[in-house]
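Text of coords.cif, listed as mmCIF, C-alpha atoms:
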data_work
#
loop_
_atom_site.label_atom_id
_atom_site.label_comp_id
_atom_site.auth_asym_id
_atom_site.auth_seq_id
_atom_site.Cartn_x
_atom_site.Cartn_y
_atom_site.Cartn_z
CA PHE A 215 0.00 0.00 0.00
CA THR A 216 1.16 3.71 -0.76
CA GLY A 217 0.77 6.87 1.26
CA GLN A 218 -2.11 9.18 0.40
CA MET A 219 -2.14 12.86 -0.40
CA PRO A 220 -3.41 15.05 2.43
CA SER A 221 -7.11 15.72 2.64
CA SER A 222 -8.24 19.17 1.52
CA ILE A 223 -9.95 19.60 4.88
CA GLN A 224 -8.03 22.05 7.06
CA THR A 225 -6.05 20.73 10.02
CA ASP A 226 -3.54 21.96 12.56
CA SER A 227 -0.14 22.77 11.00
CA THR A 228 1.69 20.54 13.49
CA ALA A 229 -0.66 17.64 12.78
CA TYR A 230 -0.11 18.17 9.06
CA ALA A 231 3.67 18.11 9.50
CA LEU A 232 3.43 14.87 11.49
CA PHE A 233 1.20 13.41 8.79
CA LEU A 234 3.73 14.21 6.06
CA GLN A 235 6.55 12.75 8.14
CA ALA A 236 4.55 9.58 8.82
CA ASN A 237 3.83 9.11 5.12
CA GLN A 238 7.47 9.59 4.23
CA VAL A 239 8.66 7.06 6.81
CA GLY A 240 5.97 4.52 5.97
CA ASN A 241 6.63 4.67 2.25
CA GLN A 242 10.29 3.73 2.76
CA GLN A 243 9.19 0.17 3.68
CA THR A 244 12.10 -0.32 6.06
CA ASP A 245 12.35 -2.46 9.18
CA GLY A 246 10.50 -0.57 11.91
CA GLY A 247 9.23 2.04 9.47
CA ALA A 248 5.58 1.11 9.86
CA GLU A 249 5.88 1.21 13.64
CA THR A 250 7.43 4.68 13.53
CA ALA A 251 4.79 5.86 11.07
CA ILE A 252 2.04 4.58 13.37
CA GLU A 253 3.46 6.61 16.24
CA LEU A 254 3.57 9.73 14.06
CA PHE A 255 0.02 9.26 12.77
CA GLN A 256 -1.18 8.77 16.33
CA ARG A 257 0.56 11.98 17.40
CA ALA A 258 -1.17 13.82 14.57
CA LEU A 259 -4.51 12.38 15.68
CA ASP A 260 -3.85 13.38 19.28
CA ILE A 261 -3.84 16.94 17.96
CA ASP A 262 -6.74 16.56 15.53
CA GLN A 263 -9.11 13.62 15.98
CA THR A 264 -11.00 14.65 12.82
CA TYR A 265 -7.99 14.31 10.52
CA VAL A 266 -9.36 11.78 8.01
CA ALA A 267 -6.14 11.31 6.03
CA ALA A 268 -4.26 10.47 9.23
CA TRP A 269 -6.84 7.82 10.16
CA VAL A 270 -6.44 6.25 6.72
CA GLY A 271 -2.65 6.42 6.94
CA LEU A 272 -2.79 4.71 10.33
CA ALA A 273 -4.94 1.94 8.86
CA ARG A 274 -2.49 1.41 6.00
CA MET A 275 0.41 0.99 8.40
CA TYR A 276 -1.49 -1.59 10.46
CA LEU A 277 -2.17 -3.50 7.23
CA ASN A 278 1.49 -3.26 6.22
CA GLU A 279 2.58 -4.69 9.56
CA ALA A 280 0.11 -7.55 9.21
CA ALA A 281 1.32 -8.29 5.67
CA LEU A 282 4.94 -8.41 6.85
CA GLY A 283 4.14 -10.64 9.81
CA GLN A 284 5.17 -7.88 12.23
CA ARG A 285 1.72 -7.94 13.78
CA PRO A 286 -0.81 -10.82 13.92
CA PHE A 287 -2.96 -10.75 10.79
CA ALA A 288 -6.28 -10.62 12.63
CA GLN A 289 -5.08 -7.89 15.00
CA GLY A 290 -3.71 -5.78 12.15
CA HIS A 291 -6.97 -6.03 10.25
CA GLN A 292 -9.03 -5.29 13.35
CA LEU A 293 -7.03 -2.15 14.11
CA ALA A 294 -7.08 -1.06 10.47
CA GLU A 295 -10.84 -1.54 10.21
CA ALA A 296 -11.41 0.52 13.35
CA ALA A 297 -9.29 3.36 11.94
CA LEU A 298 -11.08 3.21 8.59
CA ARG A 299 -14.51 3.19 10.22
CA LYS A 300 -13.49 6.33 12.09
CA ALA A 301 -12.36 7.97 8.84
CA LEU A 302 -15.58 7.04 7.05
CA SER A 303 -17.70 8.28 9.93
CA LEU A 304 -16.04 11.67 9.46
CA LEU A 305 -16.07 11.69 5.65
CA PRO A 306 -18.14 8.87 4.12
CA ASP A 307 -17.11 9.53 0.51
CA ASP A 308 -13.36 9.76 1.16
CA ALA A 309 -11.76 7.87 -1.73
CA ASN A 310 -8.67 6.78 0.22
CA ALA A 311 -10.71 5.36 3.09
CA GLN A 312 -13.15 3.57 0.79
CA CYS A 313 -10.43 2.05 -1.40
CA THR A 314 -8.32 1.01 1.58
CA MET A 315 -11.37 -0.67 3.07
CA ALA A 316 -11.84 -2.41 -0.28
CA GLY A 317 -8.31 -3.78 -0.06
CA LEU A 318 -8.90 -4.94 3.50
CA ARG A 319 -12.13 -6.72 2.54
CA PHE A 320 -10.43 -8.35 -0.43
CA ASP A 321 -7.69 -9.68 1.87
CA GLU A 322 -10.46 -11.22 3.96
CA ASN A 323 -11.97 -12.81 0.82
CA ARG A 324 -15.10 -10.68 1.19
CA VAL A 325 -15.17 -9.85 -2.50
CA ALA A 326 -18.70 -8.40 -2.70
CA ASP A 327 -17.95 -5.99 0.15
CA ALA A 328 -14.62 -5.09 -1.49
CA VAL A 329 -16.33 -4.24 -4.78
CA GLU A 330 -18.90 -2.09 -2.96
CA HIS A 331 -16.20 -0.06 -1.23
CA LEU A 332 -14.16 0.17 -4.42
CA HIS A 333 -17.11 1.59 -6.35
CA ALA A 334 -17.71 4.11 -3.57
CA GLY A 335 -14.04 5.11 -3.56
CA LEU A 336 -13.74 5.55 -7.30
CA ALA A 337 -17.07 7.30 -7.82
CA PRO A 338 -16.62 10.86 -6.45
CA ASP A 339 -13.72 12.27 -8.47
CA THR A 340 -10.65 11.29 -10.44
CA PRO A 341 -8.91 8.67 -8.26
CA ASN A 342 -5.66 9.70 -6.62
CA GLU A 343 -2.44 7.69 -6.42
CA SER A 344 -3.34 5.82 -3.25
CA SER A 345 -6.75 4.75 -4.49
CA LEU A 346 -5.32 3.60 -7.80
CA SER A 347 -2.58 1.61 -6.06
CA VAL A 348 -5.24 -0.39 -4.22
CA VAL A 349 -7.00 -0.99 -7.54
CA GLY A 350 -3.73 -2.25 -9.02
CA ASP A 351 -3.13 -4.58 -6.10
CA ILE A 352 -6.64 -6.04 -6.38
CA LEU A 353 -6.22 -6.54 -10.13
CA CYS A 354 -3.02 -8.49 -9.44
CA CYS A 355 -4.86 -10.73 -7.00
CA LEU A 356 -7.55 -11.33 -9.64
CA GLY A 357 -4.95 -12.47 -12.15
CA GLU A 358 -5.28 -9.31 -14.27
CA GLU A 359 -1.56 -8.56 -14.26
CA GLY A 360 -1.62 -6.63 -17.54
CA ARG A 361 -4.25 -4.19 -16.33
CA ALA A 362 -2.55 -3.97 -12.94
CA ILE A 363 0.72 -3.01 -14.63
CA GLU A 364 -1.03 -0.23 -16.55
CA VAL A 365 -2.42 1.14 -13.29
CA HIS A 366 0.88 0.93 -11.38
CA GLU A 367 2.84 2.44 -14.28
CA PHE A 368 0.40 5.36 -14.31
CA VAL A 369 0.79 5.81 -10.56
CA SER A 370 4.60 5.72 -10.86
CA ARG A 371 4.43 8.60 -13.34
CA ARG A 372 2.26 10.56 -10.92
CA ASP A 373 4.34 9.77 -7.83
CA PRO A 374 7.89 9.12 -9.12
CA VAL A 375 9.78 9.43 -5.82
CA ASN A 376 7.68 7.03 -3.74
CA PRO A 377 9.52 3.70 -3.29
CA SER A 378 6.36 1.81 -2.38
CA VAL A 379 4.88 2.69 -5.78
CA TYR A 380 7.77 0.95 -7.54
CA GLY A 381 7.51 -1.98 -5.13
CA ASN A 382 3.91 -2.45 -6.28
CA LEU A 383 5.00 -2.15 -9.90
CA ALA A 384 7.79 -4.70 -9.41
CA SER A 385 5.31 -7.17 -7.91
CA ALA A 386 2.96 -6.74 -10.88
CA TYR A 387 5.80 -7.28 -13.37
CA PHE A 388 6.87 -10.34 -11.37
CA LEU A 389 3.41 -11.89 -11.50
CA ALA A 390 3.37 -11.30 -15.26
CA ALA A 391 6.78 -13.03 -15.57
CA ARG A 392 8.28 -9.81 -16.97
CA TRP A 393 11.53 -10.49 -15.16
CA GLN A 394 13.79 -7.69 -16.38
CA GLU A 395 11.15 -5.02 -15.86
CA ALA A 396 10.59 -6.33 -12.34
CA LEU A 397 14.33 -6.15 -11.65
CA ASP A 398 14.48 -2.62 -13.05
CA ALA A 399 11.61 -1.53 -10.80
CA LEU A 400 13.37 -3.07 -7.79
CA ASP A 401 16.48 -1.08 -8.68
CA VAL A 402 14.38 2.08 -8.49
CA VAL A 403 13.02 1.03 -5.08
CA GLU A 404 16.57 0.54 -3.83
CA SER A 405 17.71 3.90 -5.21
CA LEU A 406 14.87 5.63 -3.34
CA SER A 407 15.03 3.52 -0.17
CA PRO A 408 18.26 1.51 0.14
CA ASN A 409 17.03 -0.40 3.22
CA ALA A 410 13.58 -1.33 1.90
CA LEU A 411 12.50 -4.81 2.95
CA GLY A 412 12.04 -7.61 0.44
CA ILE A 413 14.00 -6.18 -2.49
CA ASN A 414 16.66 -8.86 -2.52
CA ALA A 415 14.24 -11.66 -1.71
CA LEU A 416 12.16 -10.86 -4.79
CA ARG A 417 15.31 -10.53 -6.88
CA ALA A 418 16.38 -13.99 -5.70
CA ILE A 419 13.04 -15.53 -6.67
CA ILE A 420 13.22 -13.87 -10.10
CA PHE A 421 16.71 -15.25 -10.70
CA VAL A 422 15.60 -18.75 -9.68
CA LEU A 423 12.64 -18.63 -12.07
CA ARG A 424 14.45 -16.92 -14.95
CA ARG A 425 17.40 -19.38 -15.03
CA ASP A 426 19.73 -17.31 -17.16
CA PRO A 427 23.45 -18.14 -16.96
CA GLY A 428 24.74 -17.00 -13.57
CA ASP A 429 21.26 -16.56 -12.08
CA ARG A 430 21.77 -19.29 -9.47
CA GLU A 431 24.78 -17.43 -8.06
CA ARG A 432 22.89 -14.14 -8.25
CA ALA A 433 19.97 -15.66 -6.35
CA LEU A 434 22.20 -16.95 -3.56
CA ALA A 435 23.90 -13.57 -3.24
CA CYS A 436 20.53 -11.83 -3.01
CA VAL A 437 19.33 -14.17 -0.26
CA GLU A 438 22.46 -13.33 1.72
CA ARG A 439 21.83 -9.59 1.29
CA GLU A 440 18.15 -9.71 2.30
CA SER A 441 17.83 -8.08 5.72
CA PHE A 442 14.34 -9.27 6.64
CA ASP A 443 14.30 -12.91 7.81
CA GLY A 444 10.70 -13.48 6.77
CA PHE A 445 11.45 -12.58 3.16
CA LYS A 446 14.77 -14.41 3.28
CA LEU A 447 13.00 -17.66 4.21
CA GLU A 448 10.41 -17.11 1.48
CA ALA A 449 13.16 -16.69 -1.11
CA MET A 450 14.96 -19.84 0.08
CA VAL A 451 11.80 -21.93 -0.19
#
What would you get if you wrote out this structure as structure tokens?
Amino acid sequence: FTGQMPSSIQTDSTAYALFLQANQVGNQQTDGGAETAIELFQRALDIDQTYVAAWVGLARMYLNEAALGQRPFAQGHQLAEAALRKALSLLPDDANAQCTMAGLRFDENRVADAVEHLHAGLAPDTPNESSLSVVGDILCCLGEEGRAIEVHEFVSRRDPVNPSVYGNLASAYFLAARWQEALDALDVVESLSPNALGINALRAIIFVLRRDPGDRERALACVERESFDGFKLEAMV
């Protein structure tokens, strides 16, 4: 998941600064980054409990932790849903909140609910980067890698310095077996966030599947360089 642009609703300047800092930290996808971002979002909400974008950002970080195994899946989803319900109670047609809820429901295999929230999130205006990223992720899960790539490529042009955007794009290329494009996208992630989790694990898997000369050695080297044990084990399997 990517960070969202601030809501147009006015908020305290300190809360806004904390929100921007939380987004920046969370988008780096580093070890402990989600935890730090959660603390920053919570500080922003301590100042302004009506800050919808901060509630959505908080939800996204809980979902990121659950996806990485840094928080129990059920707990992460429960906390994220509570934050999203708060956001939607404040602004029912907020595209980021609706689309993030769609992603959460899809993770829970509640497809009909996911579609309902997705329609609500995409209906009001032209979707922003965060909403479109969720759409791309859902398309990947549905096996529509080609359409997902189109969405993520569009988002990368709109948000070219966000490492999480290129992480999503790399995953879509990977699922489409477009190995070199996936590797190129991972290089961009690393250039924007050198300590991002999972880069080398995905590279290793690509090398194993591609089987070009020297790829076995490249895969082993990538496994050694991967800093996150969970991803390292996944690559080894």
Query - Interatomic distance (Å, one decimal) between CA of Ala229 in chain A and CA of Ala268 in chain A - result: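 So the answer is 8.8 Å.
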Query raised in the report: Do you know which residues the PyMOL selection byres ((chain A and resi 384) around 12) returns on this file, as a ChimeraX atom specification?
Result: /A:350-351,354,359,362-363,366-367,370,377-383,385-404,412-414,416-417,420
Could the residues in this selection be saved with C-alpha atoms as an mmCIF file, keeping the file's coordinate frame?
data_model
loop_
_atom_site.group_PDB
_atom_site.id
_atom_site.type_symbol
_atom_site.label_atom_id
_atom_site.label_comp_id
_atom_site.auth_asym_id
_atom_site.auth_seq_id
_atom_site.Cartn_x
_atom_site.Cartn_y
_atom_site.Cartn_z
ATOM 1 C CA GLY A 350 -3.730 -2.250 -9.020
ATOM 2 C CA ASP A 351 -3.130 -4.580 -6.100
ATOM 3 C CA CYS A 354 -3.020 -8.490 -9.440
ATOM 4 C CA GLU A 359 -1.560 -8.560 -14.260
ATOM 5 C CA ALA A 362 -2.550 -3.970 -12.940
ATOM 6 C CA ILE A 363 0.720 -3.010 -14.630
ATOM 7 C CA HIS A 366 0.880 0.930 -11.380
ATOM 8 C CA GLU A 367 2.840 2.440 -14.280
ATOM 9 C CA SER A 370 4.600 5.720 -10.860
ATOM 10 C CA PRO A 377 9.520 3.700 -3.290
ATOM 11 C CA SER A 378 6.360 1.810 -2.380
ATOM 12 C CA VAL A 379 4.880 2.690 -5.780
ATOM 13 C CA TYR A 380 7.770 0.950 -7.540
ATOM 14 C CA GLY A 381 7.510 -1.980 -5.130
ATOM 15 C CA ASN A 382 3.910 -2.450 -6.280
ATOM 16 C CA LEU A 383 5.000 -2.150 -9.900
ATOM 17 C CA SER A 385 5.310 -7.170 -7.910
ATOM 18 C CA ALA A 386 2.960 -6.740 -10.880
ATOM 19 C CA TYR A 387 5.800 -7.280 -13.370
ATOM 20 C CA PHE A 388 6.870 -10.340 -11.370
ATOM 21 C CA LEU A 389 3.410 -11.890 -11.500
ATOM 22 C CA ALA A 390 3.370 -11.300 -15.260
ATOM 23 C CA ALA A 391 6.780 -13.030 -15.570
ATOM 24 C CA ARG A 392 8.280 -9.810 -16.970
ATOM 25 C CA TRP A 393 11.530 -10.490 -15.160
ATOM 26 C CA GLN A 394 13.790 -7.690 -16.380
ATOM 27 C CA GLU A 395 11.150 -5.020 -15.860
ATOM 28 C CA ALA A 396 10.590 -6.330 -12.340
ATOM 29 C CA LEU A 397 14.330 -6.150 -11.650
ATOM 30 C CA ASP A 398 14.480 -2.620 -13.050
ATOM 31 C CA ALA A 399 11.610 -1.530 -10.800
ATOM 32 C CA LEU A 400 13.370 -3.070 -7.790
ATOM 33 C CA ASP A 401 16.480 -1.080 -8.680
ATOM 34 C CA VAL A 402 14.380 2.080 -8.490
ATOM 35 C CA VAL A 403 13.020 1.030 -5.080
ATOM 36 C CA GLU A 404 16.570 0.540 -3.830
ATOM 37 C CA GLY A 412 12.040 -7.610 0.440
ATOM 38 C CA ILE A 413 14.000 -6.180 -2.490
ATOM 39 C CA ASN A 414 16.660 -8.860 -2.520
ATOM 40 C CA LEU A 416 12.160 -10.860 -4.790
ATOM 41 C CA ARG A 417 15.310 -10.530 -6.880
ATOM 42 C CA ILE A 420 13.220 -13.870 -10.100
#
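For the pair CA of Glu295 in chain A and CA of Tyr276 in chain A, the interatomic distance is 9.4 Å.
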Requested in this report: Determine, counting only C-alpha atoms, which protein, DNA and RNA residues have an atom within 8 Å of an atom of Asn409 in chain A; residues of the same chain fewer than 5 positions away are not included. Present the result as a count of residues only.
Outcome: 5
**Report entry** the PyMOL selection byres ((chain A and resi 330) around 12) applied to the shown file, residues as a count of residues only
**Finding:** 21
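Take the candidates A:Ser441, A:Ser407, A:Thr264, A:Asn323 and check each one against Leu356 in chain A using all atoms listed in the file; the shortest distance goes to A:Asn323.
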Requested in this report: Could you please determine the separation between CA of Glu440 in chain A and CA of Ala415 in chain A in Å, to one decimal place?
Outcome: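 We find that CA of Glu440 in chain A and CA of Ala415 in chain A lie 5.9 Å from each other.
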Identify, on the basis of all atoms listed in the file, every residue whose closest approach to Gln256 in chain A does not exceed 10 Å; exclude the query and any residue fewer than 4 positions from it along the same chain; express the result as a PDB file with C-alpha atoms, in the frame of the given file.
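Saved the output as selection18.pdb:
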ATOM      1  CA  ALA A 229      -0.660  17.640  12.780  1.00  0.00           C
ATOM      2  CA  LEU A 232       3.430  14.870  11.490  1.00  0.00           C
ATOM      3  CA  PHE A 233       1.200  13.410   8.790  1.00  0.00           C
ATOM      4  CA  ALA A 236       4.550   9.580   8.820  1.00  0.00           C
ATOM      5  CA  THR A 250       7.430   4.680  13.530  1.00  0.00           C
ATOM      6  CA  ALA A 251       4.790   5.860  11.070  1.00  0.00           C
ATOM      7  CA  ILE A 252       2.040   4.580  13.370  1.00  0.00           C
ATOM      8  CA  ASP A 260      -3.850  13.380  19.280  1.00  0.00           C
ATOM      9  CA  ILE A 261      -3.840  16.940  17.960  1.00  0.00           C
ATOM     10  CA  ASP A 262      -6.740  16.560  15.530  1.00  0.00           C
ATOM     11  CA  GLN A 263      -9.110  13.620  15.980  1.00  0.00           C
ATOM     12  CA  ALA A 268      -4.260  10.470   9.230  1.00  0.00           C
ATOM     13  CA  TRP A 269      -6.840   7.820  10.160  1.00  0.00           C
ATOM     14  CA  GLY A 271      -2.650   6.420   6.940  1.00  0.00           C
ATOM     15  CA  LEU A 272      -2.790   4.710  10.330  1.00  0.00           C
TER      16      LEU A 272
END
Requested in this report: Taking the file as shown, find all residues satisfying the PyMOL selection byres ((chain A and resi 278) around 10) and write them as a list in words.
Outcome: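 With the PyMOL selection byres ((chain A and resi 278) around 10) on this model, the match is Phe215, Thr216, Gly240, Gln243, Gly247, Ala248, Glu249, Leu272, Ala273, Arg274, Met275, Tyr276, Leu277, Glu279, Ala280, Ala281, Leu282, Gly283, Gln284, Arg285, Phe287, Gly290, His291 and Ala294 of chain A.
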Compile the contact shell of Leu298 in chain A as a PDB file with C-alpha atoms, keeping the file's coordinate frame: residues with an atom at most 6 Å away, counting all atoms listed in the file, same-chain residues fewer than 2 positions apart removed.
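Writing the result to part-v3.pdb gives the following:
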ATOM      1  CA  VAL A 270      -6.440   6.250   6.720  1.00  0.00           C
ATOM      2  CA  GLU A 295     -10.840  -1.540  10.210  1.00  0.00           C
ATOM      3  CA  ALA A 296     -11.410   0.520  13.350  1.00  0.00           C
ATOM      4  CA  LYS A 300     -13.490   6.330  12.090  1.00  0.00           C
ATOM      5  CA  ALA A 301     -12.360   7.970   8.840  1.00  0.00           C
ATOM      6  CA  ALA A 311     -10.710   5.360   3.090  1.00  0.00           C
TER       7      ALA A 311
END
Let me know the centre plus edge lengths, in Å and rounded to one decimal, of a box with edges along x, y and z that contains all listed atoms of range 300-315 of chain A and is padded by 6 Å on every side, as JSON.
{"center_x": -13.2, "center_y": 5.5, "center_z": 5.2, "size_x": 21.8, "size_y": 24.4, "size_z": 25.8}
